[in-house]
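One structure below.
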Amino acid sequence: MKLTKFLIVFNEFKSVIQQKNVVEQLLPIKPFDVNNNSLNNVDYIYEPGKMEIINVLLPKCLNSQLWTSLLDSYAAELGARMTAMDMATENAKELIRSLNLTYNKARQASITKEILEIVSGANALKES
């Protein structure tokens, strides 16, 4: 019988500007490494029984892992959106600054032209 692996791929939230793609194995559940060998030699009594405990805990464990991955992905998405909106705001501010500068230059050129026309007209009247 061939064992099948169940993997989940999601974006792990590191920070607002950094997300990490993660591949995590859901099933079969990896055993925990126990460094203390004396714990392995102890025979435990399980109540109500090993299979009953597994049947209750396994769905809760999988539910918890799926929920965590969904929350991480959602937080990563919101972080990416927040970063994109911040960049869009900065670009809009730069565009407004550039347009204000262009508008002010055009207005100043128009004022200078009118002043030159008035001075030229006054000089023409003075000469005649």
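Each chain in the structure tokens gets a letter, A, B and so on, in the order shown; residues start at 1 in every chain, and ligands are counted from 1 in the order they appear.
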Per DSSP on the backbone, what are the alpha helix (DSSP H) residues of range 20-114 of chain A, as a PyMOL selection string? chain A and resi 50-114
Using only C-alpha atoms, which of the listed residues (A:Ile45, A:Leu116, A:Thr89, A:Ile29) sits closest to Leu58 in chain A? A:Ile29
So the first atom is CA of Val23 in chain A and the second is CA of Thr4 in chain A; what is the distance between them in Å, to one decimal place? 15.5 Å
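Counting only C-alpha atoms, range 62-77 of chain A has the following residues at most 6 Å away, ignoring those fewer than 4 positions along the same chain: Phe10, Asn11, Glu12, Phe13 and Gln19 of chain A.
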Just to be explicit: take each residue in the selection above, keep N, CA and C atoms, and write the result as a PDB file, in the first residue's frame.
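And here's part_7.pdb as it stands now:
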```
ATOM      1  N   PHE A  10       0.930  27.905   0.915  1.00  0.00           N
ATOM      2  CA  PHE A  10       0.332  29.184   1.291  1.00  0.00           C
ATOM      3  C   PHE A  10       1.409  30.234   1.469  1.00  0.00           C
ATOM      4  N   ASN A  11       0.997  31.498   1.538  1.00  0.00           N
ATOM      5  CA  ASN A  11       1.910  32.607   1.801  1.00  0.00           C
ATOM      6  C   ASN A  11       1.999  32.810   3.303  1.00  0.00           C
ATOM      7  N   GLU A  12       3.200  32.715   3.817  1.00  0.00           N
ATOM      8  CA  GLU A  12       3.405  32.955   5.242  1.00  0.00           C
ATOM      9  C   GLU A  12       3.695  34.434   5.448  1.00  0.00           C
ATOM     10  N   PHE A  13       3.016  35.045   6.389  1.00  0.00           N
ATOM     11  CA  PHE A  13       3.187  36.468   6.680  1.00  0.00           C
ATOM     12  C   PHE A  13       4.434  36.659   7.526  1.00  0.00           C
ATOM     13  N   GLN A  19       6.520  38.510   2.340  1.00  0.00           N
ATOM     14  CA  GLN A  19       5.764  37.280   2.499  1.00  0.00           C
ATOM     15  C   GLN A  19       6.619  36.140   1.961  1.00  0.00           C
TER      16      GLN A  19
END
```
The distance between CA of Glu114 in chain A and CA of Leu99 in chain A is 22.6 Å
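Between CA of Pro31 in chain A and CA of Lys5 in chain A there is a distance of 14.3 Å.
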